[in-house]
Every structure is written in structure tokens, then in C-alpha cells.
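Here is the structure we will look at, set down as C-alpha cells.
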Number of protein chains: 2
Amino acid sequence: MTNGAPPDPKPIWEIMTGFQHSAAFKAAVEIELFTKIGEGSKTAAEVADACGAAERGVRILADSLTVLGLLNKNESSYSLTDASAAFLDKNSPMYLGSVTEFIMSPQQRRGFDDLTGAVRRGGSSITGDASMDPNSEMWVTFARAMAPMMMPSAQMIAANVGFGTDRDLKVLDIAAGHGIFGIMVAQSYPNANIFALDWENVLGVAKENAQKFGVAERYHTIPGSAFDADFGTGYDVVLITNFLHHFDPDTCIDFLRKVRSALKPDGKAMTLEFVPNDDRVSPPSEALFSLVMLAATPAGDAYTFAELKEMFETAGFSGNEHIPLTPMPQHLIISTPR
Amino acid sequence: MTNGAPPDPKPIWEIMTGFQHSAAFKAAVEIELFTKIGEGSKTAAEVADACGAAERGVRILADSLTVLGLLNKNESSYSLTDASAAFLDKNSPMYLGSVTEFIMSPQQRRGFDDLTGAVRRGGSSITGDASMDPNSEMWVTFARAMAPMMMPSAQMIAANVGFGTDRDLKVLDIAAGHGIFGIMVAQSYPNANIFALDWENVLGVAKENAQKFGVAERYHTIPGSAFDADFGTGYDVVLITNFLHHFDPDTCIDFLRKVRSALKPDGKAMTLEFVPNDDRVSPPSEALFSLVMLAATPAGDAYTFAELKEMFETAGFSGNEHIPLTPMPQHLIISTPR
């Protein structure tokens, strides 16, 4: 403690009440408050009318969102900020509001409701429609909700594949989810065939997206667990996106050995991860992702590049180029079989 | 939207994941992580041992708290910040960690779990051990948890009573809760008698505190509802602390008329409230309090000074001096019978 005035407790208060801010955000997305303001509703009464909500409710919610920096207020008129116009108005092509449906889903939140237990035990004990469960409906919610958020990373991965664009590319997309990663590669590589692996129920969403993006005739599916399913062989690219962080290092290494034997000698594994620095407390978003894994998995983590590199090397890879996908908090690791 | 680069989505992400930060904070308080670090545990292994938790859990939690600014990290050693040493270490006289027991209690959180419903209806429909229910156990939790947080405001109220310190003061403490407000007046005024009104179960906590602070022989209780109980008359001071915000203006006016008739002609009502500016979006903490009332009450609010002044004037008060209790987000209003 320094001498003089006591420290400011406000930062502590803000963290403690963060759940209230999340709830305000979720309510605003659910009543489409940002969208209706974007479409021209200005006062609490007008927005309430457009959203089918009560004026008192909208007035308090909109004032709170103004305090949180997601709206502007001038006299009694609300307007969107640049960020809320870009990401929270359904009429924007960059709309990300659907992300709340996964991030704030009951399945994701229950791990945080028992975070004290996870800290005591060293891992989550959440089961039943959970991260590790076969055919978990949670991953269908994920696939539907998270595609917009993943689009920038998917485009950056496609831009880093590095083969000639006319190559007959055979691509395996592990735990494909929404399928956006493989689909973006298919869009950049007209002769690419994508093999998407995920639970059967989740692959339904990926196939819808392949159709929507016009690559359905080059889109193939492998239903099942990434640990048990037969990958086939002769892949030019294996996409391992937001997958390794769910598992302990030994499990990752076994899995990466399996990936290696599915790759051509000149193929490459392209891994997308939240990669904190060696200090594990920077950059903020990457470092905080480890908390999500503590809440949701028995032994997952946000691994540093040094840790990932060691896993890949143990599994028979070399190269391991590390490409941060700024401004997203995600990083690309490109690894080649040794 | 401005031209050029798209806006930064990180502020949106931070608000959306605020519930994760609250959960990390709650877990740290519950395992006494700050206290154990304050007592000398440094590494994740040492802290885990002291807290009876798993090293992996503590490492991820402590890294996350470092990102959130509540710990420092140097190599693999954690240390307290000035604010966490002052407010989150149980060995500090300013310890506020107990506040989470109320703010993050299931009773308080369920209102936020249904915030969308409250926005649609214009008010909370939470009942059963809720803000408005007689003998709600929630107010016992409140009384036990919130006393430390209220101490600075209570001391500032006592300092503003403004009568000669030898006066035979008769003080009514409405919805006394922990009792700290009346107790601080009793400590400053050796001839004061405090009459604490609250539900019978809550008064148990107030009486414990009166004993602890050595004013039990001048401490009297009136069990029941502030709307129905007989206050008695001849009060020099009526304390109305964090009470009015639960009710609509008409209910407040009726209540204030009752307060007025219990006061001596030269008595005063001392009201503690979260008072936002007329714009309702500043200062931040005061303005955001309206969201808590939307989540927890059918028709409560964080009222502006203009609104409070009008209620008091309608109920037969004048004066209405407005004193912000900086750095706390609370404000004192001193009103005198007309």
C-alpha cells in the first residue's frame, strides 16, 4: 500500500458487476435494440414501440448501454456508436450479435457458475451436452452462432494456405463446426475438395453453409469424433481450428500424430489458436481464454507458442511458423511434417 | 460509420464476457486467493497449497486476475495491487470481499438472468425471497455482506447530522439492514437513541452490530414494514438509506409524508441514494444503478436530484441540500419539514 488516499475501489466494482453488463448486452441483442435504433428509432418511447418492449425498460437499458459505451445519447435521443453500427445492427454485414447465443448460453455459463469448484479441482466437471460430450447440441449452437465472428480468421487462413491456386487441394477440416474455415479455403481454391469432420448433428450446419457459399459439390463430410474417425490420407492441408485448447498436451500430441499420418509429405497443418505470450498474462484476450477452458474442460488451456511448438515437434512436425491474426485475438500456426 | 478500418470489436467482447470476469472475481474471493497472496504465498503452487485448491486452477485464475488488473505478476510470482491489498485481503480493515455474497447471490443474479423479460415488461417480475417480499432472507444476506461497503457513506452521514453533539438525539433508521448508518450516528452522538426499523430477521444482524460497536444500550428496534409499522413521533433525524430507489415516485411520496409526521419541526430527513445527473448516463456508477432496480424491482429507479426534490416537496419538505459523498457513488440529501 502506498501512503495517502486509499485506492479507488471502482475497478473492483466494475469487475464484480460485469455479469450485469453482460446481461444488459444480451437483453439489447435479444430485443434487437441496436437494429431498431439503426433503422431510425431514437427516443426510448420510439425504440420501445419498435422492439415491442416497455418504455421504462428500454430507457433504463439504453441509458446503461450508453454508460457502457455502446450507444450515444443526445438529450433524449439515442444513436449507435461506430462499433455498435458495425457489429450489433442486424442490417450490417459484420453483425456479430449471434455470438451471444453461444458465449452466454446456459451450457457455457454453467461452467462459470461453478468456477470456484473448477479452481479447487483444477478443471471443469461439467458434463451432459458439454464440450467433451459426443453429439452435444452445444456445438450446434456454436456452429450457428459463431460463424460471423470467425469469418475474419477464416479469410486470413485461406490467404495463408500458400499453394498455387490451381492445385487439386485435398483439405481436412477437423471439428469443422460452422464449416467456415474449410469453405473459405474452397472459395480461394477452385480445385479444392473439403472433407469436414464433426459430429453428425453439427455437420448439418456446415453443409448448409457450404451450400450458401456455393461450394457444396466439393464439400464432403466425415461424421464422428476427431480421435476415433478414419481421416483417410493424402491431405494437402489439415485445418485444426480452435480444437487443441480443449485437451491436455498428451492428448494433443497423440492427435497430432494422427494428423501427421494423414498429410502428404509436402502437406501442412494449419492450426488456429488463442496463443498468449510466455508470460501468460498478455495479450489480454488470448490470456483470458484460458479461463474459458478452465470453466468448460477438464484439462484444456490457452497454450503458448513454445508449448504448441513442443507438441508439434514431439508429434513429428517441424517449421511451426507463428502468424498472429491481428486484430483478432487468434493466431495461426503452420506446421509441416518432418 | 467512419471510412477506413472497421471499428474495434474488443470493447463489445469485453462487455459480453463480463460475466466471466465476475465469476473469476467471485472464485478468487471464495478461495481467499487475495488473502493468501497477502500473507506471503507467491507462486501458483504456493497459493494453491494455501487455498486448498489445484495448481492448474489457481494458475489460470491468477493469470486472469492479472489481466483484469487485480494482481501483479513478475516471472511466476503473483502479488497484490494497491486496490486488492486494501479491499480484497481479509487482513485489511477495508476488506470488501463479502460484498460479492450479496451482489452475486442467486437472488440478485436471477433478475439479470431474466433481464430481457424485465425490459419487455418494464419491470422485474421476480418474487419469492425478493426485494419486495416480507422477511426476505435476501435482506439478511444483504445486511451481513454489505456493511463494510457502506461504512464510508455511514461515516459521512454521521459527520453531516449537524446538531450539537450533546443533543438528546432521537434517530429513526428506516430499513436499517446491517444498522451501520444509525450505529455511526450513535457513535458520534453519545446521547443519541437509535430506533432501527426492518424485518425481524434482519434486525438480528443490526443488533449484533450495535453490540459490536458498543451502542447496544441506546439501540432499539421496530420490526415490520416501513409502510405499515408505527414509527412513533418526535424524531430529530430519520435516516432513509438506499430505500427510495426500490419504489415508484407515488409510493415514495406517501412514504415521505409518513416520515414527515414522525419528525420534530426542526428535525431532518437524511436520504442516501444513487443520484445520476439529469442526463441519466453520468456519473457511471450512479447511472448504472437503475439497471439493478430494473432487474430487481417492479418500478424502482435511480432518481435524479430533480425527481427526488419534487417527491420531497410534494410530501411537505423543503431545503433539500444535495451532498455527493465522493468517492462513493452515493449522495446524501438533507431535507427539512416545511
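Chain lettering (A, B, ...) mirrors the order of the C-alpha cells, residue numbering begins at 1 for each chain separately, and ligand numbering begins at 1 in order of display.
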
Find the nearest atom pair between each residue of chain B and chain A for residues within 6 Å, count only C-alpha atoms, give distances in Å to one decimal, sort rows by chain and ascending number, and present the table as a Markdown table.
```
| residue | atom | partner | partner_atom | distance |
| --- | --- | --- | --- | --- |
| B:Met1 | CA | A:Asp82 | CA | 5.1 |
| B:Pro7 | CA | A:Ala83 | CA | 5.3 |
| B:Ile15 | CA | A:Ser22 | CA | 5.5 |
| B:Met16 | CA | A:Ser22 | CA | 4.7 |
| B:Gly18 | CA | A:Gly18 | CA | 4.1 |
| B:Phe19 | CA | A:Phe19 | CA | 3.7 |
| B:His21 | CA | A:Ile15 | CA | 5.9 |
| B:Ser22 | CA | A:Met16 | CA | 4.7 |
| B:Ala23 | CA | A:Phe112 | CA | 5.8 |
| B:Ala27 | CA | A:Thr116 | CA | 4.4 |
| B:Ala53 | CA | A:Arg120 | CA | 3.9 |
| B:Ala54 | CA | A:Gly122 | CA | 4.7 |
| B:Arg56 | CA | A:Gly122 | CA | 5.2 |
| B:Gly57 | CA | A:Val119 | CA | 3.9 |
| B:Val58 | CA | A:Val119 | CA | 5.9 |
| B:Asp63 | CA | A:Val281 | CA | 5.5 |
| B:Ser64 | CA | A:Leu288 | CA | 5.4 |
| B:Val67 | CA | A:Val281 | CA | 5.5 |
| B:Asp82 | CA | A:Met1 | CA | 5.1 |
| B:Ala83 | CA | A:Pro7 | CA | 5.2 |
| B:Phe112 | CA | A:Ala23 | CA | 5.8 |
| B:Thr116 | CA | A:Ala27 | CA | 4.4 |
| B:Val119 | CA | A:Gly57 | CA | 3.9 |
| B:Arg120 | CA | A:Ala53 | CA | 3.9 |
| B:Arg121 | CA | A:Ala54 | CA | 5.5 |
| B:Gly122 | CA | A:Gly57 | CA | 4.3 |
| B:Val281 | CA | A:Val67 | CA | 5.5 |
| B:Pro284 | CA | A:Val67 | CA | 5.8 |
| B:Leu288 | CA | A:Ser64 | CA | 5.4 |
```

task: Skip range 200-204 of chain A itself and residues of its chain fewer than 2 positions away, then list as an MDAnalysis selection string all residues within 10 Å of it, counting only C-alpha atoms.
output: chainID A and resid 134:144 175:179 196:198 206:210 220:225

When DSSP is applied to the backbone of this structure, which of range 94-313 of chain A are assigned strand (DSSP E)? Write them out as a JSON list (two decimals) with N, CA, C and O atoms, in the first residue's frame.
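result37.json, written as the output of this step:
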```json
[["chain", "number", "residue", "atom", "x", "y", "z"],
["A", 170, "LYS", "N", -6.54, -31.25, -51.37],
["A", 170, "LYS", "CA", -7.39, -32.10, -50.53],
["A", 170, "LYS", "C", -7.26, -31.58, -49.09],
["A", 170, "LYS", "O", -6.16, -31.60, -48.52],
["A", 171, "VAL", "N", -8.36, -31.11, -48.54],
["A", 171, "VAL", "CA", -8.33, -30.39, -47.27],
["A", 171, "VAL", "C", -9.19, -31.12, -46.24],
["A", 171, "VAL", "O", -10.36, -31.42, -46.50],
["A", 172, "LEU", "N", -8.60, -31.37, -45.07],
["A", 172, "LEU", "CA", -9.37, -31.95, -43.95],
["A", 172, "LEU", "C", -9.63, -30.84, -42.93],
["A", 172, "LEU", "O", -8.70, -30.19, -42.47],
["A", 173, "ASP", "N", -10.90, -30.61, -42.63],
["A", 173, "ASP", "CA", -11.29, -29.57, -41.66],
["A", 173, "ASP", "C", -11.79, -30.28, -40.40],
["A", 173, "ASP", "O", -12.91, -30.76, -40.33],
["A", 174, "ILE", "N", -10.88, -30.32, -39.37],
["A", 174, "ILE", "CA", -11.18, -31.04, -38.12],
["A", 174, "ILE", "C", -12.14, -30.25, -37.25],
["A", 174, "ILE", "O", -11.92, -29.06, -37.03],
["A", 193, "ASN", "N", -11.02, -29.84, -52.63],
["A", 193, "ASN", "CA", -12.11, -30.63, -52.05],
["A", 193, "ASN", "C", -11.95, -30.60, -50.54],
["A", 193, "ASN", "O", -10.87, -30.88, -50.00],
["A", 194, "ILE", "N", -13.05, -30.29, -49.87],
["A", 194, "ILE", "CA", -13.01, -30.15, -48.42],
["A", 194, "ILE", "C", -13.66, -31.37, -47.78],
["A", 194, "ILE", "O", -14.76, -31.78, -48.17],
["A", 195, "PHE", "N", -12.97, -31.96, -46.82],
["A", 195, "PHE", "CA", -13.53, -33.06, -46.02],
["A", 195, "PHE", "C", -13.72, -32.54, -44.60],
["A", 195, "PHE", "O", -12.74, -32.31, -43.89],
["A", 196, "ALA", "N", -14.98, -32.31, -44.24],
["A", 196, "ALA", "CA", -15.30, -31.71, -42.94],
["A", 196, "ALA", "C", -15.63, -32.80, -41.93],
["A", 196, "ALA", "O", -16.52, -33.61, -42.16],
["A", 197, "LEU", "N", -14.91, -32.80, -40.82],
["A", 197, "LEU", "CA", -15.15, -33.79, -39.76],
["A", 197, "LEU", "C", -15.79, -33.11, -38.55],
["A", 197, "LEU", "O", -15.29, -32.09, -38.08],
["A", 198, "ASP", "N", -16.88, -33.68, -38.10],
["A", 198, "ASP", "CA", -17.50, -33.21, -36.85],
["A", 198, "ASP", "C", -18.59, -34.20, -36.48],
["A", 198, "ASP", "O", -18.83, -35.17, -37.19],
["A", 219, "TYR", "N", -17.78, -30.37, -51.23],
["A", 219, "TYR", "CA", -17.82, -30.45, -49.77],
["A", 219, "TYR", "C", -18.24, -31.84, -49.33],
["A", 219, "TYR", "O", -19.31, -32.31, -49.68],
["A", 220, "HIS", "N", -17.38, -32.51, -48.57],
["A", 220, "HIS", "CA", -17.62, -33.88, -48.14],
["A", 220, "HIS", "C", -17.57, -33.92, -46.61],
["A", 220, "HIS", "O", -16.90, -33.09, -46.00],
["A", 221, "THR", "N", -18.24, -34.89, -46.03],
["A", 221, "THR", "CA", -18.30, -34.90, -44.56],
["A", 221, "THR", "C", -17.85, -36.25, -43.99],
["A", 221, "THR", "O", -18.04, -37.30, -44.60],
["A", 222, "ILE", "N", -17.21, -36.19, -42.84],
["A", 222, "ILE", "CA", -16.79, -37.38, -42.09],
["A", 222, "ILE", "C", -17.39, -37.26, -40.69],
["A", 222, "ILE", "O", -16.86, -36.53, -39.85],
["A", 223, "PRO", "N", -18.51, -37.94, -40.43],
["A", 223, "PRO", "CA", -19.13, -37.80, -39.11],
["A", 223, "PRO", "C", -18.38, -38.58, -38.04],
["A", 223, "PRO", "O", -17.87, -39.67, -38.30],
["A", 235, "TYR", "N", -3.78, -35.76, -47.59],
["A", 235, "TYR", "CA", -4.25, -34.37, -47.46],
["A", 235, "TYR", "C", -3.10, -33.39, -47.73],
["A", 235, "TYR", "O", -1.97, -33.59, -47.29],
["A", 236, "ASP", "N", -3.43, -32.31, -48.45],
["A", 236, "ASP", "CA", -2.50, -31.19, -48.61],
["A", 236, "ASP", "C", -2.55, -30.27, -47.40],
["A", 236, "ASP", "O", -1.54, -29.67, -47.02],
["A", 237, "VAL", "N", -3.74, -30.13, -46.84],
["A", 237, "VAL", "CA", -3.93, -29.22, -45.71],
["A", 237, "VAL", "C", -4.85, -29.89, -44.68],
["A", 237, "VAL", "O", -5.87, -30.47, -45.04],
["A", 238, "VAL", "N", -4.44, -29.83, -43.41],
["A", 238, "VAL", "CA", -5.37, -30.18, -42.33],
["A", 238, "VAL", "C", -5.58, -28.93, -41.47],
["A", 238, "VAL", "O", -4.62, -28.34, -40.97],
["A", 239, "LEU", "N", -6.84, -28.53, -41.37],
["A", 239, "LEU", "CA", -7.21, -27.37, -40.56],
["A", 239, "LEU", "C", -7.56, -27.83, -39.15],
["A", 239, "LEU", "O", -8.43, -28.68, -38.96],
["A", 240, "ILE", "N", -6.85, -27.27, -38.16],
["A", 240, "ILE", "CA", -7.08, -27.64, -36.74],
["A", 240, "ILE", "C", -7.45, -26.34, -36.02],
["A", 240, "ILE", "O", -6.61, -25.68, -35.42],
["A", 241, "THR", "N", -8.71, -25.97, -36.14],
["A", 241, "THR", "CA", -9.11, -24.62, -35.70],
["A", 241, "THR", "C", -9.86, -24.68, -34.38],
["A", 241, "THR", "O", -10.87, -25.34, -34.24],
["A", 263, "LEU", "N", -1.37, -36.52, -43.62],
["A", 263, "LEU", "CA", -0.86, -35.48, -44.53],
["A", 263, "LEU", "C", 0.06, -36.05, -45.61],
["A", 263, "LEU", "O", 0.79, -37.02, -45.37],
["A", 264, "LYS", "N", 0.06, -35.45, -46.80],
["A", 264, "LYS", "CA", 1.09, -35.69, -47.80],
["A", 264, "LYS", "C", 2.44, -35.20, -47.25],
["A", 264, "LYS", "O", 2.47, -34.32, -46.39],
["A", 265, "PRO", "N", 3.55, -35.69, -47.80],
["A", 265, "PRO", "CA", 4.87, -35.23, -47.33],
["A", 265, "PRO", "C", 5.04, -33.71, -47.45],
["A", 265, "PRO", "O", 5.66, -33.09, -46.60],
["A", 266, "ASP", "N", 4.46, -33.10, -48.49],
["A", 266, "ASP", "CA", 4.59, -31.64, -48.60],
["A", 266, "ASP", "C", 3.32, -30.93, -48.11],
["A", 266, "ASP", "O", 3.11, -29.74, -48.42],
["A", 267, "GLY", "N", 2.48, -31.63, -47.35],
["A", 267, "GLY", "CA", 1.27, -31.00, -46.82],
["A", 267, "GLY", "C", 1.56, -30.14, -45.61],
["A", 267, "GLY", "O", 2.72, -30.03, -45.18],
["A", 268, "LYS", "N", 0.53, -29.54, -45.07],
["A", 268, "LYS", "CA", 0.74, -28.69, -43.89],
["A", 268, "LYS", "C", -0.47, -28.71, -42.96],
["A", 268, "LYS", "O", -1.62, -28.80, -43.39],
["A", 269, "ALA", "N", -0.16, -28.65, -41.68],
["A", 269, "ALA", "CA", -1.21, -28.47, -40.67],
["A", 269, "ALA", "C", -1.34, -26.98, -40.40],
["A", 269, "ALA", "O", -0.34, -26.30, -40.16],
["A", 270, "MET", "N", -2.57, -26.48, -40.47],
["A", 270, "MET", "CA", -2.82, -25.06, -40.17],
["A", 270, "MET", "C", -3.70, -25.00, -38.92],
["A", 270, "MET", "O", -4.86, -25.39, -38.93],
["A", 271, "THR", "N", -3.09, -24.50, -37.84],
["A", 271, "THR", "CA", -3.73, -24.53, -36.52],
["A", 271, "THR", "C", -4.13, -23.13, -36.11],
["A", 271, "THR", "O", -3.31, -22.21, -36.17],
["A", 272, "LEU", "N", -5.39, -22.96, -35.71],
["A", 272, "LEU", "CA", -5.86, -21.67, -35.21],
["A", 272, "LEU", "C", -6.04, -21.80, -33.70],
["A", 272, "LEU", "O", -6.71, -22.72, -33.21],
["A", 273, "GLU", "N", -5.44, -20.88, -32.96],
["A", 273, "GLU", "CA", -5.49, -20.94, -31.51],
["A", 273, "GLU", "C", -5.45, -19.55, -30.88],
["A", 273, "GLU", "O", -5.00, -18.60, -31.52]]
```

message: Please report the interatomic distance between CA of Phe274 in chain A and CA of Asn242 in chain A in Å with one decimal.
response: 7.8 Å

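Residues in contact with Lys36 in chain B at 10 Å, where only C-alpha atoms are counted and same-chain residues fewer than 4 positions away are skipped, are listed as Ile31, Glu32, Gly40, Ser41, Lys42, Glu46, Val47, Ala48, Asp49, Ala50, Cys51, Asp89, Lys90 and Asn91 of chain B.
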
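The space between CA of Pro190 in chain A and CA of Gly164 in chain A spans 10.8 Å.
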
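Taking CA of Ile333 in chain B and CA of Asn320 in chain B as the two end points, the separation is 5.9 Å.
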
field: Every residue of range 115-331 of chain A that DSSP places in alpha helix (DSSP H), as a ChimeraX atom specification
entry: /A:115-121,138-159,180-188,200-212,249-262,284-296,305-314

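Minimum distance to Asp254 in chain A across A:Gly232, A:Ala158, A:Gly300, A:Thr314 (counting only C-alpha atoms) occurs at A:Thr314.
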
Among listed residues B:Phe247, B:Phe163, B:Phe34, B:Phe102, nearest Met132 in chain B (using only C-alpha atoms): B:Phe247
